[in-house]
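Peer 1: Attaching a single structure in structure tokens format; questions to follow.
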Amino acid sequence: MGNKVMLRIRKNLCLGCGVCAESCPKQAISLASGQAEINQSRCNQCRLCLEVCPQGAIGEFVPVSEAELASTVGSLRQKADDLVRRIERLRQQKNA
Ligand code: SF4
Ligand code: SF4
């Protein structure tokens with residue numbers, strides 16, 4: 001199953017100018033305490049807001065599910081274990 005791209009506001013860059021909210025055809029952006037916020041359930045990923053933001057504060061990201069994260073961590077752990085075993089073997093050969 002492919003991961004859906006989502007748009008999000010980089011809060012450290014957003015000035016709360018509201019240009020993005022005005023450009024959004026889905027009324028998915030609101031301004032809360034001086035910063036833009038995207039309502040993901042309304043957003044259709046048209047990327048209009050991303051193009052108009054003068055701050056480049058809107059970016060795309062791909063959310064990763066917990067299951068995928070767990071499987072990535074699992075395989076990394078496996079690789080690390082293999083590496084440790086190889087190093088251990090080499091060390092024993094050297095000392096033999
Ligand atoms: S256009 Fe950019 S800087 Fe302005 S409110 Fe939207 S995200 Fe923030
Ligand atoms: S990507 Fe399109 S629909 Fe989504 S918040 Fe931006 S302008 Fe609105």
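Chains: A, B, ... in order of the structure tokens. Residues: from 1 per chain. Ligands: from 1, in order shown.
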Counting only C-alpha atoms, which residues of segment 35-86 of chain A fall within 6 Å of segment 15-30 of chain A, and what is the closest atom pair for each with its distance in Å at one decimal, ordered by chain and rising number, as a Markdown table?

Peer 2:
```
| residue | atom | partner | partner_atom | distance |
| --- | --- | --- | --- | --- |
| A:Gln35 | CA | A:Gly16 | CA | 4.3 |
| A:Ala36 | CA | A:Ser30 | CA | 5.7 |
| A:Glu37 | CA | A:Ser30 | CA | 5.3 |
| A:Ile38 | CA | A:Ile29 | CA | 4.6 |
| A:Asn39 | CA | A:Ala28 | CA | 5.0 |
| A:Arg42 | CA | A:Ala28 | CA | 5.2 |
| A:Cys43 | CA | A:Ala28 | CA | 5.5 |
| A:Cys49 | CA | A:Cys20 | CA | 4.6 |
| A:Cys53 | CA | A:Cys20 | CA | 5.9 |
```

Peer 1: Check chain A with DSSP on the backbone and list each residue it calls strand (DSSP E or B), as a list in words.

Peer 2: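 Here is the list: Met6, Leu7, Arg8, Ile9, Ile29, Ser30, Leu31, Ala32, Gln35, Ala36, Glu37, Ile38, Ile58, Gly59, Glu60 and Phe61 of chain A.
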
Peer 1: Rounded to one decimal in Å, what is the spacing between atom 2 (Fe, counted along the ligand's line) of ligand 2 and atom CA of Val52 of chain A?

Peer 2: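 Computing it gives 10.6 Å between the two atoms.
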
Peer 1: Between A:Arg77, A:Lys94, A:Arg89, A:Lys11, which one has atoms that come closest to ligand 1, using only C-alpha atoms and all ligand atoms?

Peer 2: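 Smallest separation from ligand 1 among the options: A:Lys11.
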
Peer 1: Can you work out which one of A:Gly74, A:Leu50, A:Ser65, A:Gly34 has the shortest atom-to-atom distance to Lys4 of chain A, counting only C-alpha atoms?

Peer 2: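 Among the listed residues, A:Ser65 lies closest to Lys4 of chain A.
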
Peer 1: Quick one: distance from atom CA of Val84 of chain A to atom CA of Glu66 of chain A in Å, one decimal?

Peer 2: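 So the two atoms, atom CA of Val84 of chain A and atom CA of Glu66 of chain A, lie 26.6 Å apart.
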
Peer 1: Would you please extract all alpha helix (DSSP H) residues from chain A, as assigned by DSSP on the backbone, and give them as a PyMOL selection string?

Peer 2: chain A and resi 19-23+48-52+66-95

Peer 1: Please produce a file of the residues just selected, as a tab-separated table (two decimals), in the first residue's frame, where the atoms kept are C-alpha atoms.

Peer 2:
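What landed in selection-v5.tsv:
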```tsv
chain	number	residue	atom	x	y	z
A	19	VAL	CA	-2.04	33.87	1.55
A	20	CYS	CA	-2.23	30.09	1.59
A	21	ALA	CA	-5.67	30.09	3.19
A	22	GLU	CA	-6.96	32.49	0.51
A	23	SER	CA	-5.57	30.33	-2.28
A	48	LEU	CA	-1.62	25.44	-4.62
A	49	CYS	CA	-0.82	26.66	-1.12
A	50	LEU	CA	2.71	25.32	-1.41
A	51	GLU	CA	3.28	27.40	-4.53
A	52	VAL	CA	1.90	30.67	-3.19
A	66	GLU	CA	3.83	2.28	12.79
A	67	ALA	CA	3.98	-1.15	11.18
A	68	GLU	CA	6.43	0.07	8.54
A	69	LEU	CA	8.51	1.82	11.14
A	70	ALA	CA	8.63	-1.32	13.26
A	71	SER	CA	9.70	-3.45	10.30
A	72	THR	CA	12.44	-0.97	9.34
A	73	VAL	CA	13.73	-0.86	12.90
A	74	GLY	CA	13.58	-4.67	13.04
A	75	SER	CA	15.65	-5.12	9.88
A	76	LEU	CA	18.18	-2.51	11.01
A	77	ARG	CA	18.53	-4.32	14.31
A	78	GLN	CA	19.08	-7.57	12.44
A	79	LYS	CA	21.83	-5.96	10.34
A	80	ALA	CA	23.48	-4.51	13.42
A	81	ASP	CA	23.42	-7.93	15.12
A	82	ASP	CA	24.97	-9.57	12.05
A	83	LEU	CA	27.68	-6.93	11.99
A	84	VAL	CA	28.48	-7.40	15.66
A	85	ARG	CA	28.74	-11.17	15.12
A	86	ARG	CA	31.06	-10.67	12.14
A	87	ILE	CA	33.31	-8.33	14.09
A	88	GLU	CA	33.37	-10.80	16.96
A	89	ARG	CA	34.36	-13.64	14.59
A	90	LEU	CA	37.13	-11.54	13.03
A	91	ARG	CA	38.43	-10.66	16.46
A	92	GLN	CA	38.51	-14.32	17.47
A	93	GLN	CA	40.34	-15.26	14.24
A	94	LYS	CA	42.90	-12.58	14.88
A	95	ASN	CA	43.50	-13.75	18.42
```
